[in-house]
Amino acid sequence: MAITAKTRLVVLLGDPVSHSLSPLIHNLAFEAEQLDLAYIAMRVKKEFLDQAIAALQSLGFAGANLTIPHKQAAIPYLDELTDRARVVGAVNTIQFKSSGVDLPARLIGDNTDVAGFLSPLDVYREKLAGSSVLVWGSGGAARAVVFAAASELKATRVTIVSRSAEKGREIQSFIEQRSTTDIDVLPWDESATAMAAADLLVNATPLGMTPHIDSTPCAHPGLLHSGQIVYDLVYNPLVTRLLEQTAEAGAMGISGLEMLIGQAAAAFKGWTGVEMPVELVREALKDRFMKQK
Ligand code: NAP
């Protein structure tokens, strides 16, 4: 649709943002659904975040996403948090709730990473109830994954494999207070047994991401086996070294592309009330990665 005086904006705030695929995803979906919205990305330095968020409210934006380094820093500037944002302790989406004509919208901080992570696992929910989950990494994405595994997938045990024991233990105590799942934290060199026993293994580190495509979090590929699900949150490249190891072992692999699409679809639904055309977006993203090769 052409941009007119009626077009409203949705924005990604982060630093950096130039690599983001969110403008591609959402503008394609707005166009396909004939919505008079446009999505832009803006680099905002940490010290201007409060001003940037206040401006979104006064300029009547229709929605926003937040990325590194603003996912936690934005919380004090929002009016409310959804339960899932509060529990994960990070916001990647802002919903603007109308307070009435001529009043500023209320800003609701949401976290759609949990929904995005879970979307390709929906078909395995039954298999994963009471399962054992291993998560490589202890950053922001790992926190959403551990929460999802404990609270939504009802895993019996989650093992966090982290090079920073302190960060791993921080997630452990936070999630253990909110679920009955047992959470362990292990260094890489003590994780072989947990790896072999896990039903679902999740890479929540950047290991394997372009340009370091030969790296992998899996130090013992011989321990991977059929029946396991290996989910790599890295989506560039589409087939990472970890997903190659997964296929060689006869295990089931899931690409981070699915989480990327799932978190975008949940945000899109919140802003517009309309389902995102997921298949159209998936094909466009795959096409984009193929062209990059
Ligand atoms: P983050 O907060 O920076 O956390 C990264 C984690 O990986 C930290 O625990 C870090 O350990 C660990 N790590 C980094 N390099 C490592 C190495 N060489 N060896 C061992 N551990 C290492 O990042 P994040 O936001 O959680 O994102 C993690 C990954 O998930 C990224 O690749 C990101 O692209 C991906 N992701 C994908 C989606 C999606 O939609 N598919 C969504 C969110 C994130 P230290 O704390 O010790 O540095």
# chains A, B, ... in the order shown; residues from 1 in each chain; ligands from 1

call {"tool": "residues_near_ligand", "arguments": {"ligand": "ligand 1", "cutoff": "6 Å", "atoms": "only C-alpha atoms and all ligand atoms", "output": "list in words"}}
result
Gly137, Ser138, Gly139, Gly140, Ala141, Ala142, Arg163, Ser164, Ala204, Thr205, Pro206, Leu207, Leu233, Val234, Tyr235, Gly256, Leu257, Met259 and Leu260 of chain A

call {"tool": "write_last_selection", "arguments": {"atoms": "N, CA and C atoms", "output": "PDB file, in the first residue's frame"}}
result
ATOM      1  N   GLY A 137      23.653 -22.048  26.824  1.00  0.00           N
ATOM      2  CA  GLY A 137      23.629 -20.590  26.932  1.00  0.00           C
ATOM      3  C   GLY A 137      22.806 -20.148  28.126  1.00  0.00           C
ATOM      4  N   SER A 138      23.072 -18.917  28.592  1.00  0.00           N
ATOM      5  CA  SER A 138      22.346 -18.400  29.757  1.00  0.00           C
ATOM      6  C   SER A 138      22.078 -16.904  29.596  1.00  0.00           C
ATOM      7  N   GLY A 139      21.827 -16.475  28.345  1.00  0.00           N
ATOM      8  CA  GLY A 139      21.505 -15.070  28.076  1.00  0.00           C
ATOM      9  C   GLY A 139      19.991 -14.870  28.021  1.00  0.00           C
ATOM     10  N   GLY A 140      19.574 -13.804  27.322  1.00  0.00           N
ATOM     11  CA  GLY A 140      18.156 -13.443  27.267  1.00  0.00           C
ATOM     12  C   GLY A 140      17.291 -14.526  26.629  1.00  0.00           C
ATOM     13  N   ALA A 141      17.765 -15.100  25.519  1.00  0.00           N
ATOM     14  CA  ALA A 141      16.953 -16.122  24.834  1.00  0.00           C
ATOM     15  C   ALA A 141      16.856 -17.377  25.695  1.00  0.00           C
ATOM     16  N   ALA A 142      17.966 -17.734  26.356  1.00  0.00           N
ATOM     17  CA  ALA A 142      17.962 -18.931  27.220  1.00  0.00           C
ATOM     18  C   ALA A 142      16.930 -18.778  28.334  1.00  0.00           C
ATOM     19  N   ARG A 163      28.866 -21.194  30.181  1.00  0.00           N
ATOM     20  CA  ARG A 163      30.255 -20.898  30.562  1.00  0.00           C
ATOM     21  C   ARG A 163      30.279 -19.867  31.695  1.00  0.00           C
ATOM     22  N   SER A 164      29.114 -19.298  32.011  1.00  0.00           N
ATOM     23  CA  SER A 164      29.018 -18.331  33.116  1.00  0.00           C
ATOM     24  C   SER A 164      28.089 -18.916  34.171  1.00  0.00           C
ATOM     25  N   ALA A 204      20.908 -21.752  22.580  1.00  0.00           N
ATOM     26  CA  ALA A 204      20.585 -20.346  22.838  1.00  0.00           C
ATOM     27  C   ALA A 204      21.880 -19.543  22.979  1.00  0.00           C
ATOM     28  N   THR A 205      22.897 -19.921  22.193  1.00  0.00           N
ATOM     29  CA  THR A 205      24.139 -19.137  22.087  1.00  0.00           C
ATOM     30  C   THR A 205      24.284 -18.716  20.616  1.00  0.00           C
ATOM     31  N   PRO A 206      25.197 -17.814  20.317  1.00  0.00           N
ATOM     32  CA  PRO A 206      25.416 -17.473  18.897  1.00  0.00           C
ATOM     33  C   PRO A 206      26.332 -18.470  18.175  1.00  0.00           C
ATOM     34  N   LEU A 207      26.734 -19.552  18.833  1.00  0.00           N
ATOM     35  CA  LEU A 207      27.660 -20.507  18.203  1.00  0.00           C
ATOM     36  C   LEU A 207      27.041 -21.081  16.926  1.00  0.00           C
ATOM     37  N   LEU A 233      18.415 -21.943  17.849  1.00  0.00           N
ATOM     38  CA  LEU A 233      17.789 -20.616  17.734  1.00  0.00           C
ATOM     39  C   LEU A 233      18.482 -19.754  16.684  1.00  0.00           C
ATOM     40  N   VAL A 234      19.706 -20.133  16.318  1.00  0.00           N
ATOM     41  CA  VAL A 234      20.407 -19.421  15.240  1.00  0.00           C
ATOM     42  C   VAL A 234      19.671 -19.700  13.924  1.00  0.00           C
ATOM     43  N   TYR A 235      19.425 -18.644  13.118  1.00  0.00           N
ATOM     44  CA  TYR A 235      18.711 -18.861  11.853  1.00  0.00           C
ATOM     45  C   TYR A 235      19.522 -18.433  10.627  1.00  0.00           C
ATOM     46  N   GLY A 256      16.038 -21.968  13.858  1.00  0.00           N
ATOM     47  CA  GLY A 256      15.647 -20.735  14.546  1.00  0.00           C
ATOM     48  C   GLY A 256      14.739 -19.852  13.708  1.00  0.00           C
ATOM     49  N   LEU A 257      14.680 -20.133  12.410  1.00  0.00           N
ATOM     50  CA  LEU A 257      13.768 -19.374  11.539  1.00  0.00           C
ATOM     51  C   LEU A 257      12.329 -19.497  12.059  1.00  0.00           C
ATOM     52  N   MET A 259      11.318 -19.812  15.160  1.00  0.00           N
ATOM     53  CA  MET A 259      11.101 -18.927  16.315  1.00  0.00           C
ATOM     54  C   MET A 259      10.994 -17.476  15.852  1.00  0.00           C
ATOM     55  N   LEU A 260      11.837 -17.121  14.889  1.00  0.00           N
ATOM     56  CA  LEU A 260      11.800 -15.755  14.351  1.00  0.00           C
ATOM     57  C   LEU A 260      10.399 -15.447  13.812  1.00  0.00           C
TER      58      LEU A 260
END

call {"tool": "residues_around", "arguments": {"residues": "Lys286 of chain A", "least_positions_apart": "3", "cutoff": "12 Å", "atoms": "only C-alpha atoms", "output": "tab-separated table (two decimals) with N, CA and C atoms, in the first residue's frame"}}
result
chain	number	residue	atom	x	y	z
A	21	LEU	N	15.62	-8.45	10.31
A	21	LEU	CA	14.70	-8.93	9.27
A	21	LEU	C	13.26	-8.52	9.56
A	24	LEU	N	11.37	-6.51	6.85
A	24	LEU	CA	10.98	-7.38	5.73
A	24	LEU	C	9.72	-8.17	6.08
A	25	ILE	N	9.75	-8.79	7.27
A	25	ILE	CA	8.64	-9.66	7.70
A	25	ILE	C	7.34	-8.84	7.78
A	235	TYR	N	19.43	-18.64	13.12
A	235	TYR	CA	18.71	-18.86	11.85
A	235	TYR	C	19.52	-18.43	10.63
A	236	ASN	N	20.71	-17.94	10.87
A	236	ASN	CA	21.57	-17.55	9.75
A	236	ASN	C	22.95	-18.17	9.94
A	237	PRO	N	23.31	-19.28	9.28
A	237	PRO	CA	22.61	-19.90	8.13
A	237	PRO	C	21.38	-20.70	8.56
A	238	LEU	N	20.54	-21.01	7.58
A	238	LEU	CA	19.34	-21.79	7.86
A	238	LEU	C	19.70	-23.17	8.38
A	239	VAL	N	20.72	-23.80	7.75
A	239	VAL	CA	21.18	-25.11	8.24
A	239	VAL	C	22.55	-24.90	8.88
A	255	SER	N	14.91	-25.27	12.92
A	255	SER	CA	15.70	-24.06	12.68
A	255	SER	C	15.14	-22.87	13.46
A	256	GLY	N	16.04	-21.97	13.86
A	256	GLY	CA	15.65	-20.73	14.55
A	256	GLY	C	14.74	-19.85	13.71
A	257	LEU	N	14.68	-20.13	12.41
A	257	LEU	CA	13.77	-19.37	11.54
A	257	LEU	C	12.33	-19.50	12.06
A	258	GLU	N	12.00	-20.67	12.60
A	258	GLU	CA	10.63	-20.88	13.08
A	258	GLU	C	10.32	-20.01	14.29
A	261	ILE	N	9.86	-16.39	13.05
A	261	ILE	CA	8.53	-16.20	12.46
A	261	ILE	C	7.46	-16.22	13.56
A	279	GLU	N	3.04	-18.50	6.06
A	279	GLU	CA	3.68	-19.24	4.96
A	279	GLU	C	4.35	-18.27	3.97
A	280	LEU	N	3.68	-17.17	3.70
A	280	LEU	CA	4.23	-16.14	2.80
A	280	LEU	C	5.55	-15.60	3.37
A	281	VAL	N	5.55	-15.34	4.68
A	281	VAL	CA	6.74	-14.80	5.35
A	281	VAL	C	7.87	-15.84	5.33
A	282	ARG	N	7.54	-17.11	5.60
A	282	ARG	CA	8.56	-18.17	5.63
A	282	ARG	C	9.25	-18.27	4.26
A	283	GLU	N	8.44	-18.25	3.20
A	283	GLU	CA	9.01	-18.36	1.85
A	283	GLU	C	9.91	-17.16	1.53
A	289	PHE	N	17.58	-15.82	2.42
A	289	PHE	CA	18.80	-16.53	2.84
A	289	PHE	C	19.47	-17.23	1.66
A	290	MET	N	18.67	-17.77	0.74
A	290	MET	CA	19.23	-18.44	-0.44
A	290	MET	C	20.06	-17.44	-1.26
A	291	LYS	N	19.51	-16.23	-1.41
A	291	LYS	CA	20.18	-15.20	-2.21
A	291	LYS	C	21.49	-14.76	-1.56
A	292	GLN	N	21.55	-14.86	-0.21
A	292	GLN	CA	22.76	-14.43	0.51
A	292	GLN	C	23.92	-15.39	0.28
A	293	LYS	N	23.58	-16.64	-0.09
A	293	LYS	CA	24.60	-17.70	-0.16
A	293	LYS	C	25.71	-17.39	-1.16

call {"tool": "closest_residue", "arguments": {"among": "A:Tyr77, A:Ile53, A:His70, A:Asp15", "to": "Val91 of chain A", "atoms": "only C-alpha atoms"}}
result
A:His70

call {"tool": "atom_distance", "arguments": {"atom1": "atom CA of Ser22 of chain A", "atom2": "atom CA of Ile40 of chain A"}}
result
8.5 Å

call {"tool": "closest_residue", "arguments": {"among": "A:Val230, A:Ala194, A:Ile160, A:Val11", "to": "Trp136 of chain A", "atoms": "only C-alpha atoms"}}
result
A:Ile160

call {"tool": "residues_around", "arguments": {"residues": "segment 2-8 of chain A", "least_positions_apart": "5", "cutoff": "12 Å", "atoms": "only C-alpha atoms", "output": "compact mmCIF listing (two decimals) with all heavy atoms, in the first residue's frame"}}
result
# COMPACT_ATOMS: atom_id res chain seq x y z
N ASN A 27 6.48 -5.64 6.89
CA ASN A 27 5.97 -4.88 5.74
C ASN A 27 5.33 -5.80 4.71
O ASN A 27 4.31 -5.47 4.10
CB ASN A 27 7.07 -4.01 5.12
CG ASN A 27 7.38 -2.81 6.00
OD1 ASN A 27 6.46 -2.19 6.55
ND2 ASN A 27 8.64 -2.48 6.16
N PHE A 30 1.95 -6.69 6.31
CA PHE A 30 1.01 -5.55 6.26
C PHE A 30 0.43 -5.42 4.85
O PHE A 30 -0.77 -5.22 4.66
CB PHE A 30 1.72 -4.23 6.63
CG PHE A 30 2.15 -4.10 8.07
CD1 PHE A 30 3.21 -3.27 8.41
CD2 PHE A 30 1.51 -4.79 9.09
CE1 PHE A 30 3.62 -3.13 9.73
CE2 PHE A 30 1.91 -4.66 10.42
CZ PHE A 30 2.97 -3.83 10.74
N GLU A 31 1.32 -5.52 3.87
CA GLU A 31 0.91 -5.39 2.47
C GLU A 31 -0.06 -6.51 2.10
O GLU A 31 -1.12 -6.26 1.52
CB GLU A 31 2.19 -5.49 1.59
CG GLU A 31 1.99 -5.32 0.11
CD GLU A 31 1.81 -3.87 -0.29
OE1 GLU A 31 2.45 -3.00 0.32
OE2 GLU A 31 1.02 -3.62 -1.23
N GLN A 34 -3.36 -5.96 3.48
CA GLN A 34 -3.95 -4.65 3.13
C GLN A 34 -4.15 -3.77 4.36
O GLN A 34 -5.21 -3.14 4.54
CB GLN A 34 -5.32 -4.86 2.43
CG GLN A 34 -5.21 -5.53 1.08
CD GLN A 34 -4.79 -4.55 0.00
OE1 GLN A 34 -5.53 -3.62 -0.32
NE2 GLN A 34 -3.59 -4.71 -0.51
N LEU A 35 -3.13 -3.75 5.24
CA LEU A 35 -3.20 -2.92 6.44
C LEU A 35 -2.41 -1.64 6.19
O LEU A 35 -1.30 -1.69 5.64
CB LEU A 35 -2.60 -3.68 7.64
CG LEU A 35 -3.36 -4.95 8.02
CD1 LEU A 35 -2.53 -5.82 8.97
CD2 LEU A 35 -4.70 -4.60 8.66
N ASP A 36 -2.97 -0.52 6.59
CA ASP A 36 -2.34 0.78 6.31
C ASP A 36 -1.30 1.08 7.40
O ASP A 36 -1.45 2.01 8.19
CB ASP A 36 -3.41 1.88 6.23
CG ASP A 36 -2.85 3.13 5.56
OD1 ASP A 36 -1.66 3.12 5.20
OD2 ASP A 36 -3.61 4.11 5.43
N LEU A 37 -0.28 0.23 7.45
CA LEU A 37 0.78 0.32 8.45
C LEU A 37 2.12 0.19 7.74
O LEU A 37 2.21 -0.47 6.70
CB LEU A 37 0.65 -0.81 9.47
CG LEU A 37 -0.59 -0.80 10.38
CD1 LEU A 37 -0.76 -2.15 11.06
CD2 LEU A 37 -0.47 0.31 11.41
N ALA A 38 3.16 0.78 8.31
CA ALA A 38 4.52 0.61 7.77
C ALA A 38 5.47 0.36 8.94
O ALA A 38 5.28 0.93 10.03
CB ALA A 38 4.95 1.86 7.01
N TYR A 39 6.46 -0.50 8.71
CA TYR A 39 7.40 -0.91 9.78
C TYR A 39 8.78 -0.35 9.47
O TYR A 39 9.30 -0.55 8.37
CB TYR A 39 7.44 -2.44 9.84
CG TYR A 39 8.16 -3.00 11.06
CD1 TYR A 39 7.45 -3.57 12.11
CD2 TYR A 39 9.55 -2.98 11.16
CE1 TYR A 39 8.08 -4.09 13.23
CE2 TYR A 39 10.20 -3.50 12.27
CZ TYR A 39 9.47 -4.06 13.29
OH TYR A 39 10.10 -4.58 14.39
N ILE A 40 9.35 0.33 10.43
CA ILE A 40 10.70 0.88 10.25
C ILE A 40 11.59 0.43 11.42
O ILE A 40 11.08 -0.02 12.44
CB ILE A 40 10.68 2.43 10.19
CG1 ILE A 40 9.99 3.00 11.44
CG2 ILE A 40 10.00 2.91 8.92
CD1 ILE A 40 10.07 4.51 11.54
N LEU A 56 7.12 7.70 20.86
CA LEU A 56 6.22 6.76 20.18
C LEU A 56 4.79 7.00 20.61
O LEU A 56 3.85 6.94 19.82
CB LEU A 56 6.58 5.30 20.52
CG LEU A 56 7.98 4.81 20.20
CD1 LEU A 56 8.10 3.34 20.54
CD2 LEU A 56 8.30 5.06 18.74
N LEU A 59 3.56 10.41 19.19
CA LEU A 59 3.42 10.40 17.72
C LEU A 59 2.38 9.39 17.25
O LEU A 59 2.15 9.24 16.06
CB LEU A 59 4.77 10.11 17.06
CG LEU A 59 5.85 11.18 17.28
CD1 LEU A 59 7.19 10.71 16.76
CD2 LEU A 59 5.44 12.49 16.63
N GLY A 60 1.77 8.67 18.18
CA GLY A 60 0.67 7.76 17.82
C GLY A 60 1.11 6.52 17.06
O GLY A 60 0.42 6.08 16.13
N PHE A 61 2.25 5.95 17.42
CA PHE A 61 2.68 4.72 16.78
C PHE A 61 1.66 3.60 17.06
O PHE A 61 0.95 3.63 18.06
CB PHE A 61 4.08 4.30 17.27
CG PHE A 61 5.19 4.95 16.50
CD1 PHE A 61 5.37 6.33 16.53
CD2 PHE A 61 6.07 4.19 15.73
CE1 PHE A 61 6.39 6.94 15.81
CE2 PHE A 61 7.09 4.79 15.02
CZ PHE A 61 7.26 6.16 15.05
N ALA A 62 1.63 2.62 16.16
CA ALA A 62 0.67 1.51 16.31
C ALA A 62 1.27 0.33 17.06
O ALA A 62 0.55 -0.57 17.47
CB ALA A 62 0.19 1.07 14.94
N GLY A 63 2.60 0.32 17.20
CA GLY A 63 3.25 -0.79 17.90
C GLY A 63 4.75 -0.64 17.83
O GLY A 63 5.26 0.23 17.12
N ALA A 64 5.46 -1.48 18.57
CA ALA A 64 6.93 -1.42 18.54
C ALA A 64 7.51 -2.76 18.94
O ALA A 64 6.87 -3.55 19.63
CB ALA A 64 7.44 -0.32 19.48
N TRP A 271 -0.74 -6.29 17.49
CA TRP A 271 -0.87 -4.92 16.95
C TRP A 271 -2.11 -4.77 16.08
O TRP A 271 -2.72 -3.72 16.05
CB TRP A 271 0.34 -4.56 16.08
CG TRP A 271 1.65 -4.53 16.77
CD1 TRP A 271 1.91 -4.14 18.05
CD2 TRP A 271 2.91 -4.94 16.22
NE1 TRP A 271 3.24 -4.26 18.32
CE2 TRP A 271 3.89 -4.75 17.22
CE3 TRP A 271 3.33 -5.44 14.99
CZ2 TRP A 271 5.23 -5.04 17.02
CZ3 TRP A 271 4.66 -5.73 14.79
CH2 TRP A 271 5.60 -5.53 15.81
N THR A 272 -2.43 -5.82 15.29
CA THR A 272 -3.42 -5.66 14.22
C THR A 272 -4.72 -6.43 14.48
O THR A 272 -5.72 -6.16 13.82
CB THR A 272 -2.84 -6.18 12.88
OG1 THR A 272 -2.64 -7.60 13.00
CG2 THR A 272 -1.52 -5.52 12.54

call {"tool": "select_by_dssp", "arguments": {"residues": "segment 201-281 of chain A", "states": "alpha helix (DSSP H)", "output": "list of chain:residue names"}}
result
A:Arg241, A:Leu242, A:Leu243, A:Glu244, A:Gln245, A:Thr246, A:Ala247, A:Glu248, A:Leu257, A:Glu258, A:Met259, A:Leu260, A:Ile261, A:Gly262, A:Gln263, A:Ala264, A:Ala265, A:Ala266, A:Ala267, A:Phe268, A:Lys269, A:Gly270, A:Trp271, A:Thr272, A:Val278, A:Glu279, A:Leu280, A:Val281

call {"tool": "write_last_selection", "arguments": {"atoms": "C-alpha atoms", "output": "PDB file, in the first residue's frame"}}
result
ATOM      1  CA  ARG A 241      26.627 -27.018  11.838  1.00  0.00           C
ATOM      2  CA  LEU A 242      24.512 -28.150  14.820  1.00  0.00           C
ATOM      3  CA  LEU A 243      21.587 -29.002  12.523  1.00  0.00           C
ATOM      4  CA  GLU A 244      24.000 -30.947  10.272  1.00  0.00           C
ATOM      5  CA  GLN A 245      25.207 -32.913  13.324  1.00  0.00           C
ATOM      6  CA  THR A 246      21.549 -33.486  14.233  1.00  0.00           C
ATOM      7  CA  ALA A 247      20.714 -34.903  10.809  1.00  0.00           C
ATOM      8  CA  GLU A 248      23.848 -37.110  10.830  1.00  0.00           C
ATOM      9  CA  LEU A 257      13.768 -19.374  11.539  1.00  0.00           C
ATOM     10  CA  GLU A 258      10.628 -20.883  13.082  1.00  0.00           C
ATOM     11  CA  MET A 259      11.101 -18.927  16.315  1.00  0.00           C
ATOM     12  CA  LEU A 260      11.800 -15.755  14.351  1.00  0.00           C
ATOM     13  CA  ILE A 261       8.527 -16.199  12.462  1.00  0.00           C
ATOM     14  CA  GLY A 262       6.602 -17.281  15.572  1.00  0.00           C
ATOM     15  CA  GLN A 263       7.637 -14.274  17.675  1.00  0.00           C
ATOM     16  CA  ALA A 264       6.810 -11.926  14.776  1.00  0.00           C
ATOM     17  CA  ALA A 265       3.403 -13.573  14.252  1.00  0.00           C
ATOM     18  CA  ALA A 266       2.491 -13.122  17.929  1.00  0.00           C
ATOM     19  CA  ALA A 267       3.503  -9.438  17.861  1.00  0.00           C
ATOM     20  CA  PHE A 268       1.650  -8.862  14.560  1.00  0.00           C
ATOM     21  CA  LYS A 269      -1.564 -10.390  15.945  1.00  0.00           C
ATOM     22  CA  GLY A 270      -1.341  -8.108  18.988  1.00  0.00           C
ATOM     23  CA  TRP A 271      -0.872  -4.919  16.953  1.00  0.00           C
ATOM     24  CA  THR A 272      -3.423  -5.662  14.218  1.00  0.00           C
ATOM     25  CA  VAL A 278       3.069 -17.166   8.085  1.00  0.00           C
ATOM     26  CA  GLU A 279       3.678 -19.238   4.955  1.00  0.00           C
ATOM     27  CA  LEU A 280       4.231 -16.144   2.800  1.00  0.00           C
ATOM     28  CA  VAL A 281       6.741 -14.804   5.346  1.00  0.00           C
TER      29      VAL A 281
END

call {"tool": "select_by_dssp", "arguments": {"residues": "segment 30-181 of chain A", "states": "strand (DSSP E)", "output": "PyMOL selection string"}}
result
chain A and resi 37-43+63-66+80-81+93-97+106-110+132-136+157-161

call {"tool": "residues_around", "arguments": {"residues": "Val185 of chain A", "least_positions_apart": "4", "cutoff": "10 Å", "atoms": "only C-alpha atoms", "output": "list of chain:residue names"}}
result
A:Leu134, A:Val135, A:Ser138, A:Val158, A:Thr159, A:Ile160, A:Val161, A:Ser162, A:Arg163, A:Ser164, A:Ala165, A:Glu166, A:Lys167, A:Gly168, A:Arg169, A:Glu170, A:Ile171, A:Gln172, A:Glu190, A:Ser191

call {"tool": "closest_residue", "arguments": {"among": "A:Ala52, A:Leu78, A:Leu153, A:Ala73", "to": "Glu126 of chain A", "atoms": "only C-alpha atoms"}}
result
A:Leu153
